[in-house]
file work.txt (compact mmCIF, N, CA, C and O atoms)
# COMPACT_ATOMS: atom_id res chain seq x y z
N MET A 1 -61.56 -93.93 -69.26
CA MET A 1 -61.46 -92.51 -69.03
C MET A 1 -62.79 -91.87 -69.40
O MET A 1 -63.34 -92.13 -70.47
N SER A 2 -63.29 -91.02 -68.54
CA SER A 2 -64.56 -90.35 -68.82
C SER A 2 -64.33 -89.19 -69.79
O SER A 2 -63.20 -88.74 -70.02
N LYS A 3 -65.42 -88.71 -70.35
CA LYS A 3 -65.36 -87.58 -71.27
C LYS A 3 -64.76 -86.35 -70.59
O LYS A 3 -63.91 -85.67 -71.15
N VAL A 4 -65.19 -86.08 -69.36
CA VAL A 4 -64.67 -84.91 -68.63
C VAL A 4 -63.18 -85.06 -68.37
O VAL A 4 -62.41 -84.10 -68.51
N GLU A 5 -62.74 -86.27 -68.01
CA GLU A 5 -61.31 -86.49 -67.79
C GLU A 5 -60.52 -86.22 -69.07
O GLU A 5 -59.45 -85.61 -69.03
N GLU A 6 -61.06 -86.64 -70.20
CA GLU A 6 -60.38 -86.40 -71.47
C GLU A 6 -60.33 -84.91 -71.79
O GLU A 6 -59.31 -84.39 -72.23
N ILE A 7 -61.44 -84.21 -71.54
CA ILE A 7 -61.46 -82.76 -71.76
C ILE A 7 -60.42 -82.09 -70.88
O ILE A 7 -59.66 -81.21 -71.33
N LEU A 8 -60.34 -82.49 -69.62
CA LEU A 8 -59.36 -81.90 -68.70
C LEU A 8 -57.93 -82.18 -69.16
O LEU A 8 -57.06 -81.30 -69.08
N ASP A 9 -57.68 -83.39 -69.62
CA ASP A 9 -56.34 -83.73 -70.13
C ASP A 9 -55.96 -82.84 -71.30
O ASP A 9 -54.85 -82.30 -71.36
N ILE A 10 -56.90 -82.67 -72.23
CA ILE A 10 -56.62 -81.84 -73.40
C ILE A 10 -56.48 -80.38 -73.00
O ILE A 10 -55.60 -79.67 -73.49
N LEU A 11 -57.33 -79.92 -72.07
CA LEU A 11 -57.22 -78.54 -71.58
C LEU A 11 -55.84 -78.29 -70.98
O LEU A 11 -55.21 -77.26 -71.23
N GLN A 12 -55.36 -79.24 -70.20
CA GLN A 12 -54.04 -79.11 -69.58
C GLN A 12 -52.96 -78.95 -70.66
O GLN A 12 -52.09 -78.08 -70.56
N GLU A 13 -53.03 -79.78 -71.68
CA GLU A 13 -52.06 -79.70 -72.77
C GLU A 13 -52.16 -78.36 -73.50
O GLU A 13 -51.14 -77.73 -73.82
N GLU A 14 -53.39 -77.93 -73.75
CA GLU A 14 -53.59 -76.67 -74.47
C GLU A 14 -53.09 -75.48 -73.65
O GLU A 14 -52.52 -74.53 -74.21
N CYS A 15 -53.27 -75.52 -72.34
CA CYS A 15 -52.75 -74.43 -71.49
C CYS A 15 -51.24 -74.36 -71.58
O CYS A 15 -50.66 -73.27 -71.63
N GLY A 16 -50.58 -75.51 -71.63
CA GLY A 16 -49.13 -75.54 -71.82
C GLY A 16 -48.73 -74.93 -73.15
O GLY A 16 -47.73 -74.20 -73.24
N GLU A 17 -49.53 -75.18 -74.18
CA GLU A 17 -49.23 -74.61 -75.49
C GLU A 17 -49.43 -73.10 -75.50
O GLU A 17 -48.70 -72.37 -76.18
N VAL A 18 -50.38 -72.60 -74.71
CA VAL A 18 -50.56 -71.15 -74.57
C VAL A 18 -49.33 -70.54 -73.90
O VAL A 18 -48.84 -69.49 -74.32
N VAL A 19 -48.81 -71.20 -72.88
CA VAL A 19 -47.61 -70.72 -72.21
C VAL A 19 -46.46 -70.58 -73.20
O VAL A 19 -45.76 -69.56 -73.23
N VAL A 20 -46.27 -71.57 -74.04
CA VAL A 20 -45.20 -71.53 -75.05
C VAL A 20 -45.46 -70.39 -76.04
O VAL A 20 -44.56 -69.63 -76.38
N ALA A 21 -46.70 -70.24 -76.50
CA ALA A 21 -47.02 -69.19 -77.46
C ALA A 21 -46.79 -67.80 -76.86
O ALA A 21 -46.25 -66.92 -77.53
N VAL A 22 -47.16 -67.61 -75.61
CA VAL A 22 -46.93 -66.32 -74.94
C VAL A 22 -45.43 -66.07 -74.82
O VAL A 22 -44.95 -64.95 -75.08
N SER A 23 -44.67 -67.08 -74.47
CA SER A 23 -43.22 -66.93 -74.36
C SER A 23 -42.61 -66.50 -75.69
O SER A 23 -41.73 -65.63 -75.73
N LYS A 24 -43.10 -67.07 -76.79
CA LYS A 24 -42.57 -66.70 -78.10
C LYS A 24 -42.97 -65.29 -78.50
O LYS A 24 -42.18 -64.56 -79.10
N VAL A 25 -44.18 -64.88 -78.16
CA VAL A 25 -44.59 -63.49 -78.42
C VAL A 25 -43.69 -62.54 -77.64
O VAL A 25 -43.21 -61.53 -78.17
N ARG A 26 -43.44 -62.85 -76.37
CA ARG A 26 -42.60 -61.98 -75.54
C ARG A 26 -41.16 -61.95 -76.05
O ARG A 26 -40.49 -60.93 -76.01
N ARG A 27 -40.68 -63.08 -76.55
CA ARG A 27 -39.30 -63.18 -77.01
C ARG A 27 -39.09 -62.58 -78.39
O ARG A 27 -38.11 -61.86 -78.63
N PHE A 28 -40.01 -62.86 -79.31
CA PHE A 28 -39.79 -62.49 -80.71
C PHE A 28 -40.69 -61.36 -81.21
O PHE A 28 -40.43 -60.80 -82.28
N GLY A 29 -41.76 -61.05 -80.48
CA GLY A 29 -42.68 -60.01 -80.92
C GLY A 29 -43.93 -60.59 -81.56
O GLY A 29 -43.91 -61.68 -82.14
N MET A 30 -45.00 -59.84 -81.47
CA MET A 30 -46.30 -60.29 -81.94
C MET A 30 -46.31 -60.54 -83.45
O MET A 30 -46.96 -61.46 -83.92
N ASP A 31 -45.59 -59.72 -84.21
CA ASP A 31 -45.66 -59.80 -85.67
C ASP A 31 -44.60 -60.70 -86.29
O ASP A 31 -44.59 -60.92 -87.50
N ASN A 32 -43.70 -61.24 -85.47
CA ASN A 32 -42.66 -62.13 -85.97
C ASN A 32 -43.28 -63.35 -86.63
O ASN A 32 -44.24 -63.93 -86.14
N ARG A 33 -42.73 -63.75 -87.76
CA ARG A 33 -43.20 -64.95 -88.46
C ARG A 33 -42.40 -66.14 -87.96
O ARG A 33 -41.17 -66.09 -87.93
N TYR A 34 -43.06 -67.18 -87.55
CA TYR A 34 -42.35 -68.36 -87.08
C TYR A 34 -42.19 -69.34 -88.22
O TYR A 34 -42.73 -69.15 -89.32
N LYS A 35 -41.47 -70.41 -87.97
CA LYS A 35 -41.08 -71.32 -89.05
C LYS A 35 -42.24 -71.96 -89.79
O LYS A 35 -42.10 -72.37 -90.92
N GLY A 36 -43.40 -72.04 -89.18
CA GLY A 36 -44.56 -72.60 -89.86
C GLY A 36 -45.21 -71.62 -90.82
O GLY A 36 -46.13 -71.97 -91.54
N GLY A 37 -44.75 -70.36 -90.82
CA GLY A 37 -45.25 -69.39 -91.76
C GLY A 37 -46.16 -68.33 -91.18
O GLY A 37 -46.26 -67.25 -91.71
N GLY A 38 -46.87 -68.65 -90.11
CA GLY A 38 -47.77 -67.67 -89.51
C GLY A 38 -47.04 -66.77 -88.54
O GLY A 38 -45.87 -66.99 -88.20
N SER A 39 -47.73 -65.73 -88.09
CA SER A 39 -47.13 -64.83 -87.11
C SER A 39 -47.30 -65.41 -85.70
O SER A 39 -48.13 -66.29 -85.47
N GLN A 40 -46.52 -64.88 -84.79
CA GLN A 40 -46.66 -65.28 -83.39
C GLN A 40 -48.07 -64.94 -82.90
O GLN A 40 -48.66 -65.68 -82.11
N ARG A 41 -48.62 -63.81 -83.37
CA ARG A 41 -49.99 -63.43 -83.00
C ARG A 41 -50.99 -64.49 -83.46
O ARG A 41 -51.89 -64.88 -82.70
N GLU A 42 -50.85 -64.96 -84.69
CA GLU A 42 -51.76 -65.99 -85.21
C GLU A 42 -51.64 -67.28 -84.41
O GLU A 42 -52.65 -67.93 -84.11
N HIS A 43 -50.42 -67.63 -84.05
CA HIS A 43 -50.20 -68.84 -83.26
C HIS A 43 -50.83 -68.70 -81.88
O HIS A 43 -51.52 -69.62 -81.40
N LEU A 44 -50.62 -67.55 -81.25
CA LEU A 44 -51.22 -67.29 -79.94
C LEU A 44 -52.75 -67.34 -80.04
O LEU A 44 -53.41 -67.95 -79.19
N THR A 45 -53.30 -66.74 -81.07
CA THR A 45 -54.74 -66.74 -81.27
C THR A 45 -55.27 -68.17 -81.37
O THR A 45 -56.30 -68.52 -80.74
N GLN A 46 -54.60 -69.01 -82.13
CA GLN A 46 -55.03 -70.40 -82.28
C GLN A 46 -54.99 -71.13 -80.95
O GLN A 46 -55.94 -71.85 -80.59
N GLU A 47 -53.90 -70.94 -80.21
CA GLU A 47 -53.77 -71.67 -78.93
C GLU A 47 -54.80 -71.20 -77.91
O GLU A 47 -55.38 -72.02 -77.18
N VAL A 48 -55.05 -69.90 -77.84
CA VAL A 48 -56.07 -69.40 -76.91
C VAL A 48 -57.46 -69.89 -77.35
O VAL A 48 -58.29 -70.27 -76.51
N GLY A 49 -57.70 -69.91 -78.65
CA GLY A 49 -58.96 -70.47 -79.15
C GLY A 49 -59.14 -71.93 -78.77
O GLY A 49 -60.25 -72.35 -78.41
N ASP A 50 -58.05 -72.69 -78.81
CA ASP A 50 -58.11 -74.09 -78.40
C ASP A 50 -58.52 -74.20 -76.93
O ASP A 50 -59.35 -75.04 -76.56
N VAL A 51 -57.95 -73.35 -76.08
CA VAL A 51 -58.29 -73.35 -74.65
C VAL A 51 -59.76 -72.98 -74.47
O VAL A 51 -60.49 -73.62 -73.70
N MET A 52 -60.20 -71.96 -75.20
CA MET A 52 -61.58 -71.52 -75.06
C MET A 52 -62.57 -72.62 -75.46
O MET A 52 -63.62 -72.78 -74.81
N LEU A 53 -62.23 -73.39 -76.48
CA LEU A 53 -63.09 -74.51 -76.85
C LEU A 53 -63.17 -75.53 -75.72
O LEU A 53 -64.25 -76.03 -75.39
N MET A 54 -62.04 -75.83 -75.11
CA MET A 54 -62.04 -76.82 -74.03
C MET A 54 -62.86 -76.31 -72.85
O MET A 54 -63.57 -77.09 -72.20
N VAL A 55 -62.79 -75.01 -72.56
CA VAL A 55 -63.61 -74.43 -71.49
C VAL A 55 -65.09 -74.57 -71.85
O VAL A 55 -65.92 -74.95 -71.01
N LYS A 56 -65.44 -74.30 -73.11
CA LYS A 56 -66.83 -74.47 -73.56
C LYS A 56 -67.29 -75.91 -73.37
O LYS A 56 -68.41 -76.16 -72.92
N LEU A 57 -66.40 -76.85 -73.69
CA LEU A 57 -66.76 -78.25 -73.51
C LEU A 57 -66.97 -78.61 -72.04
O LEU A 57 -67.82 -79.44 -71.71
N LEU A 58 -66.22 -77.99 -71.14
CA LEU A 58 -66.44 -78.20 -69.70
C LEU A 58 -67.82 -77.70 -69.30
O LEU A 58 -68.53 -78.35 -68.53
N ILE A 59 -68.21 -76.53 -69.83
CA ILE A 59 -69.54 -75.99 -69.55
C ILE A 59 -70.60 -76.94 -70.12
O ILE A 59 -71.56 -77.31 -69.43
N ASP A 60 -70.41 -77.33 -71.38
CA ASP A 60 -71.38 -78.22 -72.04
C ASP A 60 -71.55 -79.55 -71.31
O ASP A 60 -72.60 -80.18 -71.40
N ASN A 61 -70.51 -79.97 -70.59
CA ASN A 61 -70.55 -81.25 -69.88
C ASN A 61 -70.82 -81.09 -68.39
O ASN A 61 -70.62 -82.02 -67.61
N GLY A 62 -71.28 -79.90 -68.00
CA GLY A 62 -71.78 -79.69 -66.64
C GLY A 62 -70.74 -79.56 -65.55
O GLY A 62 -71.07 -79.67 -64.37
N VAL A 63 -69.49 -79.32 -65.91
CA VAL A 63 -68.46 -79.15 -64.88
C VAL A 63 -68.69 -77.86 -64.11
O VAL A 63 -68.54 -77.80 -62.89
N PHE A 64 -69.07 -76.81 -64.83
CA PHE A 64 -69.51 -75.55 -64.23
C PHE A 64 -70.41 -74.87 -65.25
O PHE A 64 -70.51 -75.29 -66.40
N THR A 65 -71.09 -73.82 -64.79
CA THR A 65 -72.03 -73.12 -65.66
C THR A 65 -71.40 -71.84 -66.21
O THR A 65 -70.38 -71.37 -65.69
N ASP A 66 -72.06 -71.28 -67.23
CA ASP A 66 -71.64 -69.97 -67.74
C ASP A 66 -71.65 -68.94 -66.62
O ASP A 66 -70.74 -68.11 -66.53
N GLU A 67 -72.67 -68.99 -65.78
CA GLU A 67 -72.80 -68.03 -64.70
C GLU A 67 -71.66 -68.17 -63.69
O GLU A 67 -71.10 -67.17 -63.24
N GLU A 68 -71.31 -69.40 -63.34
CA GLU A 68 -70.19 -69.62 -62.41
C GLU A 68 -68.89 -69.10 -63.01
O GLU A 68 -68.08 -68.48 -62.32
N LEU A 69 -68.69 -69.35 -64.28
CA LEU A 69 -67.49 -68.88 -64.95
C LEU A 69 -67.48 -67.36 -65.01
O LEU A 69 -66.45 -66.73 -64.75
N HIS A 70 -68.60 -66.76 -65.32
CA HIS A 70 -68.70 -65.30 -65.36
C HIS A 70 -68.39 -64.71 -63.99
O HIS A 70 -67.63 -63.73 -63.89
N ASP A 71 -68.93 -65.31 -62.93
CA ASP A 71 -68.65 -64.83 -61.57
C ASP A 71 -67.16 -64.94 -61.25
O ASP A 71 -66.57 -64.04 -60.64
N ALA A 72 -66.53 -66.03 -61.67
CA ALA A 72 -65.09 -66.20 -61.44
C ALA A 72 -64.30 -65.13 -62.20
O ALA A 72 -63.32 -64.59 -61.67
N MET A 73 -64.74 -64.81 -63.41
CA MET A 73 -64.08 -63.77 -64.19
C MET A 73 -64.21 -62.41 -63.50
O MET A 73 -63.24 -61.63 -63.46
N LEU A 74 -65.38 -62.12 -62.95
CA LEU A 74 -65.57 -60.85 -62.24
C LEU A 74 -64.68 -60.76 -61.01
O LEU A 74 -64.12 -59.70 -60.72
N ARG A 75 -64.55 -61.88 -60.29
CA ARG A 75 -63.66 -61.89 -59.12
C ARG A 75 -62.22 -61.60 -59.54
O ARG A 75 -61.50 -60.84 -58.90
N LYS A 76 -61.79 -62.21 -60.64
CA LYS A 76 -60.42 -61.98 -61.13
C LYS A 76 -60.25 -60.54 -61.57
O LYS A 76 -59.22 -59.92 -61.31
N GLU A 77 -61.27 -59.99 -62.23
CA GLU A 77 -61.20 -58.60 -62.66
C GLU A 77 -61.01 -57.67 -61.47
O GLU A 77 -60.19 -56.73 -61.53
N GLU A 78 -61.73 -57.91 -60.40
CA GLU A 78 -61.59 -57.08 -59.20
C GLU A 78 -60.18 -57.18 -58.62
O GLU A 78 -59.60 -56.18 -58.20
N LYS A 79 -59.61 -58.37 -58.61
CA LYS A 79 -58.23 -58.54 -58.14
C LYS A 79 -57.25 -57.78 -59.02
O LYS A 79 -56.31 -57.14 -58.54
N LEU A 80 -57.46 -57.86 -60.33
CA LEU A 80 -56.57 -57.15 -61.26
C LEU A 80 -56.66 -55.64 -61.08
O LEU A 80 -55.65 -54.93 -61.21
N LYS A 81 -57.83 -55.15 -60.77
CA LYS A 81 -57.99 -53.70 -60.53
C LYS A 81 -57.19 -53.26 -59.31
O LYS A 81 -56.72 -52.13 -59.26
N ILE A 82 -57.02 -54.16 -58.37
CA ILE A 82 -56.27 -53.84 -57.16
C ILE A 82 -54.77 -54.07 -57.36
O ILE A 82 -53.94 -53.24 -56.99
N TRP A 83 -54.40 -55.20 -57.94
CA TRP A 83 -53.01 -55.65 -57.94
C TRP A 83 -52.25 -55.47 -59.25
O TRP A 83 -51.07 -55.81 -59.33
N SER A 84 -52.90 -54.96 -60.29
CA SER A 84 -52.19 -54.75 -61.55
C SER A 84 -52.48 -53.35 -62.07
O SER A 84 -53.29 -52.62 -61.50
N LYS A 85 -51.83 -53.00 -63.14
CA LYS A 85 -52.03 -51.70 -63.76
C LYS A 85 -52.86 -51.81 -65.04
O LYS A 85 -53.01 -50.84 -65.78
N ILE A 86 -53.41 -52.97 -65.30
CA ILE A 86 -54.13 -53.23 -66.54
C ILE A 86 -55.29 -52.26 -66.74
O ILE A 86 -55.53 -51.79 -67.86
N TYR A 87 -56.00 -51.92 -65.69
CA TYR A 87 -57.21 -51.10 -65.81
C TYR A 87 -56.94 -49.61 -65.58
O TYR A 87 -57.87 -48.81 -65.62
N GLU A 88 -55.68 -49.24 -65.37
CA GLU A 88 -55.36 -47.82 -65.18
C GLU A 88 -55.50 -47.08 -66.50
O GLU A 88 -55.23 -47.62 -67.57
N GLN A 89 -55.92 -45.83 -66.42
CA GLN A 89 -56.03 -44.99 -67.61
C GLN A 89 -54.64 -44.60 -68.07
O GLN A 89 -53.76 -44.30 -67.27
N ASP A 90 -54.43 -44.59 -69.39
CA ASP A 90 -53.13 -44.19 -69.95
C ASP A 90 -52.99 -42.68 -69.98
O ASP A 90 -53.85 -41.93 -70.02

call {"tool": "encode", "arguments": {"input": "work.txt", "output": "structure tokens"}}
result
Amino acid sequence: MSKVEEILDILQEECGEVVVAVSKVRRFGMDNRYKGGGSQREHLTQEVGDVMLMVKLLIDNGVFTDEELHDAMLRKEEKLKIWSKIYEQD
């Protein structure tokens, strides 16, 4: 298995863990303490941080560049401005 394949495998697992963490935040609330002692917010933060590290490792290993990732983020932002209410003024 190559290094990139291993990073992708771990990224896939970490994304699944983010899905679970988001589900628990939605179900129990951000400040709810889970059985491990931390809050759902802390758990979500850890899982998102894990994903961000794996993305950094993909950049470091030449899968894509910071610039390509930034451009992809801008494209997503434009879609969200059209199809979601996230950027609407309160």

call {"tool": "residues_around", "arguments": {"input": "work.txt", "residues": "segment 44-61 of chain A", "least_positions_apart": "5", "cutoff": "6 Å", "atoms": "all atoms listed in the file", "output": "list in words"}}
result
Ile7, Leu11, Glu14, Cys15, Glu17, Val18, Ala21, Val22, Ser39 and Asp66 of chain A

call {"tool": "atom_distance", "arguments": {"input": "work.txt", "atom1": "atom CA of His43 of chain A", "atom2": "atom CA of Gly29 of chain A"}}
result
11.8 Å

call {"tool": "closest_residue", "arguments": {"input": "work.txt", "among": "A:Leu74, A:Ile86, A:Leu69, A:Val63", "to": "Val4 of chain A", "atoms": "only C-alpha atoms"}}
result
A:Val63

call {"tool": "select_by_dssp", "arguments": {"input": "work.txt", "residues": "segment 4-37 of chain A", "states": "alpha helix (DSSP H)", "output": "list in words"}}
result
Val4, Glu5, Glu6, Ile7, Leu8, Asp9, Ile10, Leu11, Gln12, Glu13, Glu14, Cys15, Gly16, Glu17, Val18, Val19, Val20, Ala21, Val22, Ser23, Lys24, Val25, Arg26, Arg27 and Phe28 of chain A

call {"tool": "atom_distance", "arguments": {"input": "work.txt", "atom1": "atom N of Lys24 of chain A", "atom2": "atom O of Gln40 of chain A"}}
result
7.8 Å

call {"tool": "atom_distance", "arguments": {"input": "work.txt", "atom1": "atom CA of Lys35 of chain A", "atom2": "atom O of Val20 of chain A"}}
result
13.2 Å

call {"tool": "axis_aligned_box", "arguments": {"input": "work.txt", "around": "segment 73-83 of chain A", "padding_each_side": "3 Å", "output": "lines of an AutoDock Vina configuration file"}}
result
center_x = -58.3
center_y = -58.5
center_z = -60.6
size_x = 20.5
size_y = 18.7
size_z = 13.2
